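Below: the structure, in structure tokens.
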Amino acid sequence: MKAASDKAGGQQAQRLAEEAAQTLYQRDRASQALGMRLTAVRPGWARVVMAVRADMLNGHDLCHGGIVFALADSAFAFACNSYNESTVAAAGSIDFLSAARLGDELTAEACELWRTRRNGIYEITVTSQRGERIALLRGRSYRIEGQVTTPRE
């Protein structure tokens with residue numbers, strides 16, 4: 001009986017993560033404007049993809065670091081809000097490992113490392129379509145009042 005109950009609980013948690021992420025994405029005009037696509041989510045984890053456009057390049061003809069940070073930050077947001085508890089970034093530190101260029105398809109995967117009632121630590125890796133690591137962000141989340149969405153029954 002416990003295995004069936006665990007499976008049902010896991011399915012419910014997955015549905016809630018998907019609902020919360022879709023609701024958040026629908027309201028997230030910044031991620032949409034940058035062409036980001038939420039491609040997968042589960043409790044404590046999310047993947048967001050974005051193509052590097054010409055208007056995202058800096059003076060060296062490379063993807064601007066702020067754009068890479070924004071991609072990582074969006075994946076972070078979807079992961080830490082996947083429990084349907086309204087959560088914001090409290091801190092973030094990024095290391096740029098390699099340059100992204102025009103036409104690159106970047107993928108940010110956010111993974112929860114630790115979470116309490118109020119705080120969480122997440123690691124976000126940004127890679128190119130070639131599997132090359134572009135950046136690594138470590139983010140700290142803080143839970144605020146409210147829920148992201150009203151869960152459907």
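Ordered as shown in the structure tokens, chains take letters A, B, and onward, while each chain numbers its residues from 1 and ligands are numbered from 1 in the order shown.
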Handout entry: Selection: 12 Å around A:Val88, only C-alpha atoms, excl. self and same-chain fewer than 2 positions, as a PyMOL selection string
Key = chain A and resi 24+73-74+76-82+85-86+90-92+118-121+139-148
Problem - Surrounding residues of stretch 39-46 of chain A excluding itself and chain neighbours under 2 positions, 8 Å, only C-alpha atoms, as JSON, numbers by chain - result: {"A": [13, 14, 17, 18, 21, 37, 48, 49, 75, 76, 78, 79, 80, 81, 82, 83, 109, 110, 111, 112]}
Prev. selection, C-alpha atoms, output as a compact mmCIF listing (two decimals), in the first residue's frame:
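Below is the file that was written, result35.txt:
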# COMPACT_ATOMS: atom_id res chain seq x y z
CA ALA A 13 3.91 16.74 -6.60
CA GLN A 14 4.82 16.58 -10.30
CA ALA A 17 5.32 21.59 -10.06
CA GLU A 18 4.06 21.77 -13.67
CA ALA A 21 5.85 26.61 -13.43
CA ARG A 37 11.32 28.30 -23.17
CA VAL A 48 15.02 26.50 -19.52
CA VAL A 49 16.34 26.94 -23.08
CA ALA A 75 15.68 28.37 -14.35
CA PHE A 76 16.40 29.06 -10.67
CA PHE A 78 11.10 27.85 -11.85
CA ALA A 79 12.93 25.29 -9.70
CA CYS A 80 12.47 27.06 -6.38
CA ASN A 81 8.80 27.86 -7.06
CA SER A 82 8.04 24.26 -8.11
CA TYR A 83 6.53 23.49 -4.71
CA GLU A 109 19.34 23.41 -15.55
CA ALA A 110 18.57 24.34 -11.95
CA CYS A 111 18.88 21.75 -9.21
CA GLU A 112 17.95 22.12 -5.56
Practice task
Mind listing the helix (DSSP H, G or I) residues of chain A, per DSSP on the backbone, as a PyMOL selection string?
Solution key: chain A and resi 2-27+29-33+54-56+65-80
How would the residues just picked look written out with C-alpha atoms as a compact mmCIF listing (two decimals), in the first residue's frame?
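The file below, selection_30.txt, is the result:
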# COMPACT_ATOMS: atom_id res chain seq x y z
CA LYS A 2 2.82 2.44 0.86
CA ALA A 3 4.37 2.13 -2.63
CA ALA A 4 1.05 3.07 -4.28
CA SER A 5 0.63 5.99 -1.88
CA ASP A 6 4.22 7.19 -2.57
CA LYS A 7 3.62 6.96 -6.32
CA ALA A 8 0.36 8.94 -6.06
CA GLY A 9 2.12 11.56 -3.91
CA GLY A 10 4.93 11.80 -6.45
CA GLN A 11 2.48 12.24 -9.30
CA GLN A 12 0.63 14.93 -7.35
CA ALA A 13 3.91 16.74 -6.60
CA GLN A 14 4.82 16.58 -10.30
CA ARG A 15 1.45 17.99 -11.39
CA LEU A 16 1.79 20.80 -8.86
CA ALA A 17 5.32 21.59 -10.06
CA GLU A 18 4.06 21.77 -13.67
CA GLU A 19 1.07 23.96 -12.75
CA ALA A 20 3.19 26.36 -10.69
CA ALA A 21 5.85 26.61 -13.43
CA GLN A 22 3.30 27.26 -16.19
CA THR A 23 1.55 29.92 -14.10
CA LEU A 24 4.85 31.61 -13.27
CA TYR A 25 5.99 31.46 -16.92
CA GLN A 26 2.71 33.00 -18.15
CA ARG A 27 3.35 36.01 -15.85
CA ARG A 29 7.34 38.83 -19.29
CA ALA A 30 11.14 39.10 -19.00
CA SER A 31 11.77 35.41 -19.75
CA GLN A 32 9.28 35.53 -22.61
CA ALA A 33 10.83 38.69 -24.09
CA ALA A 54 21.97 39.43 -32.27
CA ASP A 55 20.39 41.86 -29.77
CA MET A 56 21.95 39.83 -26.91
CA GLY A 65 26.92 38.11 -19.29
CA GLY A 66 23.73 39.69 -17.97
CA ILE A 67 21.72 37.68 -20.51
CA VAL A 68 23.42 34.44 -19.40
CA PHE A 69 22.70 35.38 -15.79
CA ALA A 70 19.05 36.08 -16.68
CA LEU A 71 18.70 32.61 -18.24
CA ALA A 72 20.21 30.94 -15.16
CA ASP A 73 18.06 33.10 -12.87
CA SER A 74 14.88 32.09 -14.70
CA ALA A 75 15.68 28.37 -14.35
CA PHE A 76 16.40 29.06 -10.67
CA ALA A 77 13.00 30.74 -10.29
CA PHE A 78 11.10 27.85 -11.85
CA ALA A 79 12.93 25.29 -9.70
CA CYS A 80 12.47 27.06 -6.38
Problem - Sel. of strand (DSSP E or B) residues, stretch 50-146 of chain A, as a ChimeraX atom specification - result: /A:50-51,57,63,87-96,105-115,119-127,133-143
Completion exercise
Computed gap from atom CA of A:Thr149 to atom CA of A:Ala51 is 28.3 Å
Practice task
Pick out the residues sitting within 10 Å of A:Asp61, and hand them over as a PyMOL selection string; count only C-alpha atoms, and ignore anything fewer than 2 positions along from it in its own chain.
Solution key: chain A and resi 54+56-59+63-64+99-102
How about saving the chosen residues, N, CA and C atoms kept, as a compact mmCIF listing (two decimals), in the first residue's frame?
# COMPACT_ATOMS: atom_id res chain seq x y z
N ALA A 54 21.05 38.31 -32.00
CA ALA A 54 21.97 39.43 -32.27
C ALA A 54 21.82 40.55 -31.23
N MET A 56 21.43 40.28 -28.21
CA MET A 56 21.95 39.83 -26.91
C MET A 56 23.48 39.89 -26.85
N LEU A 57 24.10 40.39 -27.93
CA LEU A 57 25.57 40.42 -28.00
C LEU A 57 26.13 41.70 -27.41
N ASN A 58 27.30 41.56 -26.79
CA ASN A 58 27.99 42.72 -26.22
C ASN A 58 28.97 43.30 -27.26
N GLY A 59 29.81 44.23 -26.84
CA GLY A 59 30.76 44.88 -27.73
C GLY A 59 31.86 43.97 -28.25
N CYS A 63 27.76 36.74 -26.27
CA CYS A 63 26.53 36.91 -25.50
C CYS A 63 26.84 37.67 -24.21
N HIS A 64 26.09 38.71 -23.95
CA HIS A 64 26.28 39.54 -22.76
C HIS A 64 26.11 38.69 -21.51
N ALA A 99 32.49 31.51 -23.37
CA ALA A 99 31.64 32.49 -24.03
C ALA A 99 30.57 31.81 -24.89
N ALA A 100 29.39 32.41 -24.91
CA ALA A 100 28.33 31.98 -25.81
C ALA A 100 28.30 32.97 -26.96
N ARG A 101 27.91 32.47 -28.14
CA ARG A 101 27.95 33.29 -29.35
C ARG A 101 26.60 33.30 -30.06
N LEU A 102 26.48 34.18 -31.02
CA LEU A 102 25.28 34.30 -31.82
C LEU A 102 24.86 32.93 -32.36
